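K.L.:
mmCIF, C-alpha atoms, saved as run-v7.cif, coming up:
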data_run
#
loop_
_atom_site.label_atom_id
_atom_site.label_comp_id
_atom_site.auth_asym_id
_atom_site.auth_seq_id
_atom_site.Cartn_x
_atom_site.Cartn_y
_atom_site.Cartn_z
CA MET N 28 0.00 0.00 0.00
CA SER N 29 2.87 2.42 0.67
CA PHE N 30 4.17 1.78 -2.88
CA ARG N 31 0.84 3.00 -4.28
CA TRP N 32 1.03 6.18 -2.21
CA VAL N 33 4.59 6.87 -3.36
CA ALA N 34 3.61 6.25 -7.00
CA PHE N 35 0.54 8.47 -6.59
CA ALA N 36 2.61 11.25 -4.96
CA LEU N 37 5.23 11.07 -7.73
CA ALA N 38 2.55 11.19 -10.44
CA LEU N 39 0.90 14.16 -8.74
CA PHE N 40 4.25 15.94 -8.41
CA ALA N 41 5.13 15.30 -12.08
CA SER N 42 1.71 16.56 -13.13
CA ALA N 43 2.14 19.74 -11.09
CA LEU N 44 5.57 20.36 -12.63
CA SER N 45 4.30 19.95 -16.17
CA TRP N 46 1.30 22.20 -15.47
CA THR N 47 3.57 24.92 -14.05
CA ALA N 48 5.98 24.72 -16.98
CA GLU N 49 3.08 24.71 -19.43
CA SER N 50 1.45 27.75 -17.85
CA GLN N 51 4.75 29.65 -17.89
CA ALA N 52 5.37 28.83 -21.55
CA ARG N 53 2.04 30.27 -22.69
CA PRO N 54 1.91 34.00 -23.37
CA HIS N 55 -0.11 35.99 -20.89
CA PRO N 56 -3.53 37.03 -22.15
CA ARG N 57 -3.60 40.60 -23.35
CA GLY N 58 -5.59 43.28 -21.64
CA GLY N 59 -8.48 45.15 -23.19
CA THR N 60 -8.81 48.18 -25.40
CA HIS N 61 -7.38 51.62 -24.72
CA LEU N 62 -8.65 54.66 -26.60
CA TYR N 63 -6.51 57.74 -27.16
CA VAL N 64 -8.36 60.96 -28.07
CA LEU N 65 -6.08 63.68 -29.41
CA LEU N 66 -7.43 67.23 -29.43
CA GLY N 67 -6.52 69.97 -31.89
CA LEU N 68 -4.70 73.28 -31.49
CA GLY N 69 -5.42 74.86 -28.12
CA ASN N 70 -7.62 71.84 -27.30
CA ASN N 71 -10.23 73.49 -29.51
CA SER N 72 -12.09 70.36 -30.56
CA PRO N 73 -15.64 71.01 -29.35
CA GLY N 74 -17.30 67.86 -28.09
CA LEU N 75 -14.35 65.52 -28.66
CA ALA N 76 -13.17 65.43 -25.04
CA GLU N 77 -16.76 64.75 -24.00
CA PHE N 78 -16.87 61.93 -26.56
CA GLY N 79 -13.79 60.40 -24.93
CA TYR N 80 -15.35 60.61 -21.49
CA ARG N 81 -18.51 59.01 -22.89
CA MET N 82 -16.45 56.07 -24.16
CA GLN N 83 -15.15 55.65 -20.61
CA GLN N 84 -18.77 55.25 -19.50
CA TYR N 85 -18.98 52.36 -21.97
CA GLY N 86 -16.07 50.74 -20.15
CA ILE N 87 -13.26 51.69 -22.54
CA PRO N 88 -10.26 53.18 -20.74
CA THR N 89 -9.64 56.49 -22.50
CA THR N 90 -6.90 59.09 -22.47
CA VAL N 91 -7.93 62.54 -23.67
CA ALA N 92 -4.92 64.74 -24.41
CA ASN N 93 -3.54 67.57 -26.50
CA HIS N 94 -2.01 66.67 -29.86
CA GLY N 95 1.39 67.80 -28.54
CA ASP N 96 1.39 64.96 -26.00
CA GLU N 97 1.57 62.36 -28.80
CA PRO N 98 5.24 61.32 -28.29
CA SER N 99 4.77 60.48 -24.60
CA LEU N 100 1.41 58.80 -25.29
CA ALA N 101 3.03 56.65 -27.97
CA ARG N 102 5.71 55.52 -25.49
CA GLN N 103 3.01 54.73 -22.90
CA ALA N 104 0.97 52.76 -25.45
CA ILE N 105 4.01 50.75 -26.55
CA GLU N 106 4.88 49.91 -22.96
CA ALA N 107 1.28 48.98 -22.10
CA TYR N 108 0.99 46.74 -25.17
CA LYS N 109 4.33 45.00 -24.67
CA SER N 110 3.57 44.35 -20.99
CA GLY N 111 0.21 42.81 -21.89
CA GLN N 112 -1.85 45.44 -20.08
CA VAL N 113 -3.43 46.52 -23.37
CA GLY N 114 -4.32 44.29 -26.29
CA SER N 115 -6.09 46.76 -28.56
CA ILE N 116 -5.22 50.38 -29.26
CA LYS N 117 -7.62 52.86 -30.86
CA ILE N 118 -6.80 56.49 -31.68
CA VAL N 119 -9.13 59.38 -32.57
CA GLY N 120 -7.81 62.82 -33.45
CA HIS N 121 -9.20 66.15 -34.63
CA SER N 122 -7.32 68.70 -36.77
CA LEU N 123 -3.70 68.72 -35.51
CA GLY N 124 -4.83 65.84 -33.29
CA GLY N 125 -5.66 63.94 -36.49
CA ASP N 126 -2.10 64.45 -37.71
CA ALA N 127 -0.84 63.37 -34.27
CA ALA N 128 -3.03 60.23 -34.45
CA ILE N 129 -1.23 59.20 -37.65
CA ASP N 130 2.14 60.05 -36.09
CA MET N 131 1.30 57.96 -33.03
CA ALA N 132 0.25 55.00 -35.17
CA SER N 133 3.56 55.32 -37.07
CA GLU N 134 5.54 55.28 -33.82
CA LEU N 135 3.66 52.17 -32.74
CA ALA N 136 4.40 50.58 -36.14
CA HIS N 137 8.14 51.13 -35.60
CA ALA N 138 7.80 49.31 -32.26
CA GLY N 139 5.86 46.43 -33.82
CA VAL N 140 2.61 47.35 -32.08
CA PRO N 141 -0.66 46.93 -34.01
CA VAL N 142 -3.35 49.60 -33.94
CA GLN N 143 -6.94 48.44 -34.14
CA LEU N 144 -8.45 51.74 -35.26
CA VAL N 145 -7.44 55.27 -36.26
CA ILE N 146 -10.04 57.96 -36.91
CA THR N 147 -9.03 61.39 -38.11
CA LEU N 148 -11.46 64.30 -38.08
CA ASP N 149 -10.52 66.93 -40.67
CA PRO N 150 -6.76 66.58 -40.19
CA VAL N 151 -4.48 69.42 -41.27
CA SER N 152 -2.46 67.28 -43.68
CA ARG N 153 -3.50 64.35 -45.86
CA PRO N 154 -3.16 61.22 -43.77
CA GLY N 155 -0.94 58.38 -44.93
CA VAL N 156 -2.07 55.31 -43.02
CA PRO N 157 0.68 53.12 -41.53
CA SER N 158 0.51 49.40 -42.32
CA ASN N 159 -0.05 48.42 -38.66
CA VAL N 160 -3.48 50.12 -38.66
CA ARG N 161 -6.25 47.56 -39.05
CA ARG N 162 -9.13 50.00 -39.62
CA PHE N 163 -9.03 53.67 -40.66
CA ALA N 164 -11.64 56.38 -41.16
CA ASN N 165 -11.13 60.00 -42.16
CA PHE N 166 -14.02 62.40 -41.55
CA VAL N 167 -14.24 65.76 -43.32
CA PRO N 168 -17.02 68.32 -42.96
CA ARG N 169 -20.22 67.60 -44.87
CA PRO N 170 -22.20 70.39 -46.50
CA GLY N 171 -23.50 72.60 -43.71
CA GLU N 172 -20.82 71.46 -41.23
CA ASP N 173 -17.63 73.28 -40.43
CA HIS N 174 -14.32 72.17 -38.98
CA PHE N 175 -15.72 72.34 -35.44
CA THR N 176 -19.41 71.43 -35.67
CA MET N 177 -18.61 68.21 -37.52
CA ILE N 178 -17.61 66.50 -34.25
CA ALA N 179 -21.10 66.85 -32.81
CA GLY N 180 -22.62 65.77 -36.11
CA ARG N 181 -20.52 62.61 -36.25
CA ARG N 182 -20.76 61.45 -32.62
CA ARG N 183 -22.87 58.37 -33.46
CA GLU N 184 -20.56 57.31 -36.28
CA LEU N 185 -17.53 57.78 -34.05
CA ALA N 186 -19.10 55.71 -31.29
CA ALA N 187 -20.02 52.96 -33.76
CA TYR N 188 -16.40 52.72 -34.95
CA VAL N 189 -14.90 52.76 -31.45
CA LEU N 190 -17.43 50.33 -30.00
CA GLY N 191 -17.10 48.02 -33.01
CA ARG N 192 -20.70 48.22 -34.16
#
Before we go any further, please render this structure as structure tokens.
P.N.:
Amino acid sequence: MSFRWVAFALALFASALSWTAESQARPHPRGGTHLYVLLGLGNNSPGLAEFGYRMQQYGIPTTVANHGDEPSLARQAIEAYKSGQVGSIKIVGHSLGGDAAIDMASELAHAGVPVQLVITLDPVSRPGVPSNVRRFANFVPRPGEDHFTMIAGRRRELAAYVLGR
């Protein structure tokens, strides 16, 4: 009977070792989505910061920042992705923030980080979309909209893109 207990204990020990090694070999599951909202010159992007805060209410962690903060936000996003804290990055930018959104996606591309979504709202320059961007949308004012009122007029479309609907 003691032989059976020793054999059972050894089998249990071997099983525990293989389970531990197996669990360490697997990559850690990635975290959820993080949305970056980049505002235009002087943070004059009416309604866009509120849009970002609304996305937080839907459970999407969101950073709302000035377009000039793009370099530090890119570094943060790279670190968060590589550590597994974030698995999906989405970026929305208006005017100079639209240009910064493209710049941020490019920085992430250089680091080997994919970007799930980039939305530009009437960017200053014509956006060239980096290859790491899975989905891209560029909004320009419709007839009757201007550079600023277009944000309010496109809130539903923006939400549909960000929420994946």
K.L.:
Stretch 70-77 of chain N: which residues within 9 Å, counting all atoms listed in the file, same-chain residues fewer than 6 positions away excluded, as a list in words?
P.N.:
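Listing them by chain and then by number gives Val64, Val91, Ala92, Asn93, His94, Val119, Gly120, His121, Ser122, Gly124, His174, Phe175, Thr176, Ile178, Ala179 and Arg182 of chain N.
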K.L.:
Residue by residue, what does the PyMOL selection byres ((chain N and resi 167) around 9) grab here? Present the result as a VMD selection string.
P.N.:
chain N and resid 147 to 150 165 to 166 168 to 169 172 to 174 177
K.L.:
Pick out the closest residue to N:Arg181 from this set: N:Ala164, N:Gly69, N:Ala136, N:Tyr108. Count all atoms listed in the file.
P.N.:
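Smallest distance to N:Arg181 is found for N:Ala164.
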K.L.:
Find, counting only C-alpha atoms, the residue in N:Ala101, N:Leu123, N:Leu185, N:Ile116 that gets nearest to N:Leu68.
P.N.:
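The answer is N:Leu123, which sits nearest to N:Leu68.
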K.L.:
Using all atoms listed in the file, which residues sit within 7 Å of N:Ile87 once same-chain residues fewer than 5 positions away are excluded, as a count of residues only?
P.N.:
4
K.L.:
Complete stretch 116-148 of chain N at the level of N, CA and C atoms, written as a PDB file, in the coordinates of the input.
P.N.:
ATOM      1  N   ILE N 116      -5.404  48.935 -29.348  1.00  0.00           N
ATOM      2  CA  ILE N 116      -5.220  50.380 -29.260  1.00  0.00           C
ATOM      3  C   ILE N 116      -6.055  51.043 -30.348  1.00  0.00           C
ATOM      4  N   LYS N 117      -6.804  52.073 -29.937  1.00  0.00           N
ATOM      5  CA  LYS N 117      -7.620  52.860 -30.860  1.00  0.00           C
ATOM      6  C   LYS N 117      -7.259  54.323 -30.641  1.00  0.00           C
ATOM      7  N   ILE N 118      -7.205  55.083 -31.754  1.00  0.00           N
ATOM      8  CA  ILE N 118      -6.800  56.490 -31.680  1.00  0.00           C
ATOM      9  C   ILE N 118      -7.778  57.328 -32.494  1.00  0.00           C
ATOM     10  N   VAL N 119      -8.252  58.417 -31.896  1.00  0.00           N
ATOM     11  CA  VAL N 119      -9.130  59.380 -32.570  1.00  0.00           C
ATOM     12  C   VAL N 119      -8.484  60.746 -32.426  1.00  0.00           C
ATOM     13  N   GLY N 120      -8.406  61.499 -33.529  1.00  0.00           N
ATOM     14  CA  GLY N 120      -7.810  62.820 -33.450  1.00  0.00           C
ATOM     15  C   GLY N 120      -8.485  63.822 -34.356  1.00  0.00           C
ATOM     16  N   HIS N 121      -8.569  65.061 -33.877  1.00  0.00           N
ATOM     17  CA  HIS N 121      -9.200  66.150 -34.630  1.00  0.00           C
ATOM     18  C   HIS N 121      -8.159  67.200 -35.014  1.00  0.00           C
ATOM     19  N   SER N 122      -8.179  67.633 -36.275  1.00  0.00           N
ATOM     20  CA  SER N 122      -7.320  68.700 -36.770  1.00  0.00           C
ATOM     21  C   SER N 122      -5.851  68.316 -36.555  1.00  0.00           C
ATOM     22  N   LEU N 123      -5.084  69.120 -35.803  1.00  0.00           N
ATOM     23  CA  LEU N 123      -3.700  68.720 -35.510  1.00  0.00           C
ATOM     24  C   LEU N 123      -3.658  67.412 -34.729  1.00  0.00           C
ATOM     25  N   GLY N 124      -4.724  67.127 -33.981  1.00  0.00           N
ATOM     26  CA  GLY N 124      -4.830  65.840 -33.290  1.00  0.00           C
ATOM     27  C   GLY N 124      -4.977  64.687 -34.274  1.00  0.00           C
ATOM     28  N   GLY N 125      -5.572  64.951 -35.440  1.00  0.00           N
ATOM     29  CA  GLY N 125      -5.660  63.940 -36.490  1.00  0.00           C
ATOM     30  C   GLY N 125      -4.287  63.620 -37.046  1.00  0.00           C
ATOM     31  N   ASP N 126      -3.484  64.669 -37.267  1.00  0.00           N
ATOM     32  CA  ASP N 126      -2.100  64.450 -37.710  1.00  0.00           C
ATOM     33  C   ASP N 126      -1.327  63.677 -36.637  1.00  0.00           C
ATOM     34  N   ALA N 127      -1.532  64.052 -35.376  1.00  0.00           N
ATOM     35  CA  ALA N 127      -0.840  63.370 -34.270  1.00  0.00           C
ATOM     36  C   ALA N 127      -1.284  61.910 -34.158  1.00  0.00           C
ATOM     37  N   ALA N 128      -2.546  61.620 -34.487  1.00  0.00           N
ATOM     38  CA  ALA N 128      -3.030  60.230 -34.450  1.00  0.00           C
ATOM     39  C   ALA N 128      -2.255  59.370 -35.444  1.00  0.00           C
ATOM     40  N   ILE N 129      -2.016  59.914 -36.638  1.00  0.00           N
ATOM     41  CA  ILE N 129      -1.230  59.200 -37.650  1.00  0.00           C
ATOM     42  C   ILE N 129       0.218  59.050 -37.181  1.00  0.00           C
ATOM     43  N   ASP N 130       0.773  60.113 -36.608  1.00  0.00           N
ATOM     44  CA  ASP N 130       2.140  60.050 -36.090  1.00  0.00           C
ATOM     45  C   ASP N 130       2.270  58.992 -34.996  1.00  0.00           C
ATOM     46  N   MET N 131       1.270  58.941 -34.115  1.00  0.00           N
ATOM     47  CA  MET N 131       1.300  57.960 -33.030  1.00  0.00           C
ATOM     48  C   MET N 131       1.224  56.548 -33.589  1.00  0.00           C
ATOM     49  N   ALA N 132       0.354  56.325 -34.559  1.00  0.00           N
ATOM     50  CA  ALA N 132       0.250  55.000 -35.170  1.00  0.00           C
ATOM     51  C   ALA N 132       1.576  54.618 -35.836  1.00  0.00           C
ATOM     52  N   SER N 133       2.255  55.583 -36.445  1.00  0.00           N
ATOM     53  CA  SER N 133       3.560  55.320 -37.070  1.00  0.00           C
ATOM     54  C   SER N 133       4.601  54.921 -36.025  1.00  0.00           C
ATOM     55  N   GLU N 134       4.602  55.633 -34.897  1.00  0.00           N
ATOM     56  CA  GLU N 134       5.540  55.280 -33.820  1.00  0.00           C
ATOM     57  C   GLU N 134       5.270  53.862 -33.319  1.00  0.00           C
ATOM     58  N   LEU N 135       4.007  53.521 -33.178  1.00  0.00           N
ATOM     59  CA  LEU N 135       3.660  52.170 -32.740  1.00  0.00           C
ATOM     60  C   LEU N 135       4.072  51.139 -33.788  1.00  0.00           C
ATOM     61  N   ALA N 136       3.962  51.490 -35.069  1.00  0.00           N
ATOM     62  CA  ALA N 136       4.400  50.580 -36.140  1.00  0.00           C
ATOM     63  C   ALA N 136       5.890  50.289 -36.021  1.00  0.00           C
ATOM     64  N   HIS N 137       6.685  51.318 -35.754  1.00  0.00           N
ATOM     65  CA  HIS N 137       8.140  51.130 -35.600  1.00  0.00           C
ATOM     66  C   HIS N 137       8.471  50.209 -34.442  1.00  0.00           C
ATOM     67  N   ALA N 138       7.594  50.172 -33.439  1.00  0.00           N
ATOM     68  CA  ALA N 138       7.800  49.310 -32.260  1.00  0.00           C
ATOM     69  C   ALA N 138       7.144  47.944 -32.433  1.00  0.00           C
ATOM     70  N   GLY N 139       6.509  47.720 -33.582  1.00  0.00           N
ATOM     71  CA  GLY N 139       5.860  46.430 -33.820  1.00  0.00           C
ATOM     72  C   GLY N 139       4.529  46.270 -33.101  1.00  0.00           C
ATOM     73  N   VAL N 140       3.872  47.377 -32.810  1.00  0.00           N
ATOM     74  CA  VAL N 140       2.610  47.350 -32.080  1.00  0.00           C
ATOM     75  C   VAL N 140       1.450  47.608 -33.057  1.00  0.00           C
ATOM     76  N   PRO N 141       0.482  46.698 -33.112  1.00  0.00           N
ATOM     77  CA  PRO N 141      -0.660  46.930 -34.010  1.00  0.00           C
ATOM     78  C   PRO N 141      -1.618  47.967 -33.426  1.00  0.00           C
ATOM     79  N   VAL N 142      -2.335  48.626 -34.330  1.00  0.00           N
ATOM     80  CA  VAL N 142      -3.350  49.600 -33.940  1.00  0.00           C
ATOM     81  C   VAL N 142      -4.666  49.140 -34.546  1.00  0.00           C
ATOM     82  N   GLN N 143      -5.643  48.940 -33.703  1.00  0.00           N
ATOM     83  CA  GLN N 143      -6.940  48.440 -34.140  1.00  0.00           C
ATOM     84  C   GLN N 143      -7.702  49.448 -34.993  1.00  0.00           C
ATOM     85  N   LEU N 144      -7.646  50.730 -34.604  1.00  0.00           N
ATOM     86  CA  LEU N 144      -8.450  51.740 -35.260  1.00  0.00           C
ATOM     87  C   LEU N 144      -7.793  53.112 -35.164  1.00  0.00           C
ATOM     88  N   VAL N 145      -7.815  53.856 -36.265  1.00  0.00           N
ATOM     89  CA  VAL N 145      -7.440  55.270 -36.260  1.00  0.00           C
ATOM     90  C   VAL N 145      -8.556  56.024 -36.976  1.00  0.00           C
ATOM     91  N   ILE N 146      -9.056  57.067 -36.303  1.00  0.00           N
ATOM     92  CA  ILE N 146     -10.040  57.960 -36.910  1.00  0.00           C
ATOM     93  C   ILE N 146      -9.465  59.358 -36.882  1.00  0.00           C
ATOM     94  N   THR N 147      -9.439  60.002 -38.048  1.00  0.00           N
ATOM     95  CA  THR N 147      -9.030  61.390 -38.110  1.00  0.00           C
ATOM     96  C   THR N 147     -10.246  62.232 -38.495  1.00  0.00           C
ATOM     97  N   LEU N 148     -10.363  63.368 -37.829  1.00  0.00           N
ATOM     98  CA  LEU N 148     -11.460  64.300 -38.080  1.00  0.00           C
ATOM     99  C   LEU N 148     -10.854  65.576 -38.660  1.00  0.00           C
TER     100      LEU N 148
END
